[in-house]
Amino acid sequence: MESRRRHTEQIETERPIIKKLNVLFRNDDDSDEEDDNYDANDIDWNQEGVSAITENTYLKSICVNRWQSEVDDEANANNAKALLQAVSNNRSIRHFTMNGDIIQSEDMMEVLSPCLQHNNVLTFEVDCFDLTAKSVLHLSSALSKGKSLRKFTLDNSCGDVGDKLAFQLVASLESHTNLKELKLDFAFDPVEGYNYCIKLGNLLRQSLSKLEVLHLNYSVIDEKGAIALGSGLENSARLKKLSLRRIKSITSTGWIAIFQGLTTPQSSLEELDLYDNTFNDDASASLAKIKSLQSLNLSNVKSNSWRSLLAPLLNSTDSVLDKLVLRNSNIDDEGLTGLVDILGNNSSLRELTLGENRSTFTRAGMVSLIRYLGNPSSLLEHVDLSGDHRSGSIINDELAGTLASALRTNTKLKKLNLTNNYRIRPGGWLTFFNTLRNSTLSLEELCLSGNLIDDNGATSIANASASLCSLKVLRLSCNRFISPVGLRAISTLLQQPNSCLSELNVYVNDSAVNDEEVVNFANLLVGNLHLKSLYLGQYSHTNTLPSNLTSRGWDALANTLCNRSCIESIYDSNHTLESVLYSNNDPCLPPDLASFLIMNENYDNKFEVARQKIIQYHFLNGEDNTEEFLGMELGVIPHALGWTGRDDTGHSVLYQLVRCMPSLFELERMKVKATPGMKRKLDA
């Protein structure tokens, strides 16, 4: 149960380094009783929440996650409520996030609502919970009495708000004039979304409004509501991002009203997300007139003529569209070749996503795009050609070789996503990377997850390192044919003198990630100043990490992050690595390793990280280690004492020093002038 104690220790008031806390509730049925997985139900929040959260002045951010379908009993519900009460009483927390309702919605909002009145909370996000009428009333009342919010998120995934309650909730936000990001994903029944859109329109029109981001995903907006929203958008000069995902209730008339509201001279919208919507050619024509757009997501959108939709957006001389996402759209060969033709006259587009489109275009369409990537005039910097996880991609061995040949002379491309291209066989990947050797390609991010790369392919990646020296992100997860031999080859990328890798995902399969390979990575991380994330696996509440990985591997990583043999070894340890799992909640990790990762993450100044580790892990024995100060020159000691007592972390050590070196504070001795260059000695 060490990990459970570790999470309790992380929130103690004498640990100022903990500025962000993740709390996890889960079902007892998710694993065996003897496992070491963290469960917030095991903490007595009535006791520890009051002392560690309510009175904590360092805690700035708290995230509460639920991995359980419901609270099992009244005792757990009361315990969870105590945690929320402690959060509500705290005055230092600026950012609160909750995923799922750990207690009933109305009780949760009744307990949490007061924190919105303190005018301390800047971010309030609640996702995936059952919003009821009573909880809306609690929340609306608290919001109307506050004014501090910068970001407010309410994702009502299961529940029924209704237009009137939504109107009341939006109205309560009017006092938060500094609100910059608003996300309201409501579920309505019956279909009615008019009055709350009027209030949203008024909110957008306010002269003092600072709203820059608006999400209304999966909401109910009828035709009247869309017209009202469009009217508000006409004067929303500050709005930069609008997300309207999967709103099936908006008619083509409504879409035209919204798009026209974004074409006014006052509009400065930069990002528009229209994922999984349907509109006709007239609405498409209105969309194409939005000239300020820099990013447009048309994934799952079906168009009768992609050329007629995209040409006005990309072909004009004043186009600023930088990012275009067409994932799982119905773009076919004609549309893709038309897009390539348009790109020949475009000077703005830098990012193109065409993932999961195998069922629509064929080899001919892909060849036209590959040829464009090999053209010196190509300006694309980020290309996503990922496949569907079920059906893969149109790219096979032949096209993979053609793509590699085109990329050899490409000097613009920075990011390439080839995830789930499992029609490319192991030999095809070997050819792909061998072709890239000694090329001018300067990739910074390469995503190869979910493919059939084997050990030979992994070795070819390492051999192409001269052409991958600019690589910062390499993702190889779920390449099940890579064994420890392949991982050993990949690890050599960390040894390259010009390597700037900051993220490396090597969780290819359970059997490949073993102690020997983790120890090897740990050794290579000594002195590495770039790698922040080494993903060895993904924690799940239903299973643990790779079965071949034991305490030997974890201990090697921990020792690399903090070698406690002496002060010098701690100082020379790795202070850069911040994560070894996908999840930010690391309940499976040994306490020491988790603590070191948190230290590395919480401080950008790595000298301060070294100081924290030295104080906490070298001076644990109190008087036994104060001898480090005995041989110092007299002029150095004040600086050393200041270094030690800079904050609460070093106060205990400073106290021990004062007790062990009383002669430093005797007035008559302080008057004696020390001989320059001579070391001071203490009387026995």
# chains A, B, ... in the order shown; residues from 1 in each chain; ligands from 1

call {"tool": "residues_around", "arguments": {"residues": "Leu216 in chain A", "least_positions_apart": "6", "cutoff": "7 Å", "atoms": "only C-alpha atoms", "output": "PyMOL selection string"}}
result
chain A and resi 183-185+243-244

call {"tool": "write_last_selection", "arguments": {"atoms": "N, CA and C atoms", "output": "mmCIF file, in the first residue's frame"}}
result
data_model
loop_
_atom_site.group_PDB
_atom_site.id
_atom_site.type_symbol
_atom_site.label_atom_id
_atom_site.label_comp_id
_atom_site.auth_asym_id
_atom_site.auth_seq_id
_atom_site.Cartn_x
_atom_site.Cartn_y
_atom_site.Cartn_z
ATOM 1 N N LYS A 183 -17.295 26.455 -22.491
ATOM 2 C CA LYS A 183 -17.680 25.194 -23.137
ATOM 3 C C LYS A 183 -18.958 24.697 -22.490
ATOM 4 N N LEU A 184 -20.023 24.619 -23.283
ATOM 5 C CA LEU A 184 -21.321 24.162 -22.795
ATOM 6 C C LEU A 184 -21.829 23.071 -23.724
ATOM 7 N N ASP A 185 -21.681 21.831 -23.310
ATOM 8 C CA ASP A 185 -22.170 20.697 -24.097
ATOM 9 C C ASP A 185 -23.414 20.158 -23.397
ATOM 10 N N SER A 243 -16.350 26.018 -31.724
ATOM 11 C CA SER A 243 -16.492 24.578 -31.948
ATOM 12 C C SER A 243 -17.969 24.211 -31.900
ATOM 13 N N LEU A 244 -18.457 23.653 -33.002
ATOM 14 C CA LEU A 244 -19.868 23.256 -33.134
ATOM 15 C C LEU A 244 -19.922 21.820 -33.631
#

call {"tool": "residues_around", "arguments": {"residues": "range 411-418 of chain A", "least_positions_apart": "5", "cutoff": "7 Å", "atoms": "only C-alpha atoms", "output": "list in words"}}
result
Leu379, Leu380, Glu381, His382, Val383, Asp384, Leu385, Ser386, Thr440, Leu441, Ser442, Leu443, Glu444, Glu445, Leu446, Cys447 and Leu448 of chain A

call {"tool": "closest_residue", "arguments": {"among": "A:Thr264, A:Ser511, A:Thr576, A:Ser551", "to": "Ser533 in chain A", "atoms": "only C-alpha atoms"}}
result
A:Thr576

call {"tool": "closest_residue", "arguments": {"among": "A:Asp604, A:Asp155, A:Asp555, A:Asp282", "to": "Val519 in chain A", "atoms": "only C-alpha atoms"}}
result
A:Asp555

call {"tool": "select_by_dssp", "arguments": {"residues": "range 115-250 of chain A", "states": "strand (DSSP E or B)", "output": "PyMOL selection string"}}
result
chain A and resi 123-127+151-155+181-185+213-215+241-243

call {"tool": "select_by_dssp", "arguments": {"residues": "range 205-305 of chain A", "states": "helix (DSSP H, G or I)", "output": "list of chain:residue names"}}
result
A:Arg205, A:Glu223, A:Lys224, A:Gly225, A:Ala226, A:Ile227, A:Ala228, A:Leu229, A:Gly230, A:Ser231, A:Gly232, A:Leu233, A:Ser252, A:Thr253, A:Gly254, A:Trp255, A:Ile256, A:Ala257, A:Ile258, A:Phe259, A:Gln260, A:Gly261, A:Asp281, A:Asp282, A:Ala283, A:Ser284, A:Ala285, A:Ser286, A:Leu287

call {"tool": "residues_around", "arguments": {"residues": "range 71-85 of chain A", "least_positions_apart": "5", "cutoff": "7 Å", "atoms": "only C-alpha atoms", "output": "VMD selection string"}}
result
chain A and resid 41 44 to 46 49 102 to 103 111 to 112

call {"tool": "atom_distance", "arguments": {"atom1": "CA of Lys240 in chain A", "atom2": "CA of Val301 in chain A"}}
result
21.8 Å

call {"tool": "atom_distance", "arguments": {"atom1": "CA of Glu48 in chain A", "atom2": "CA of Ser595 in chain A"}}
result
19.4 Å

call {"tool": "atom_distance", "arguments": {"atom1": "CA of Ser88 in chain A", "atom2": "CA of Asn600 in chain A"}}
result
28.9 Å
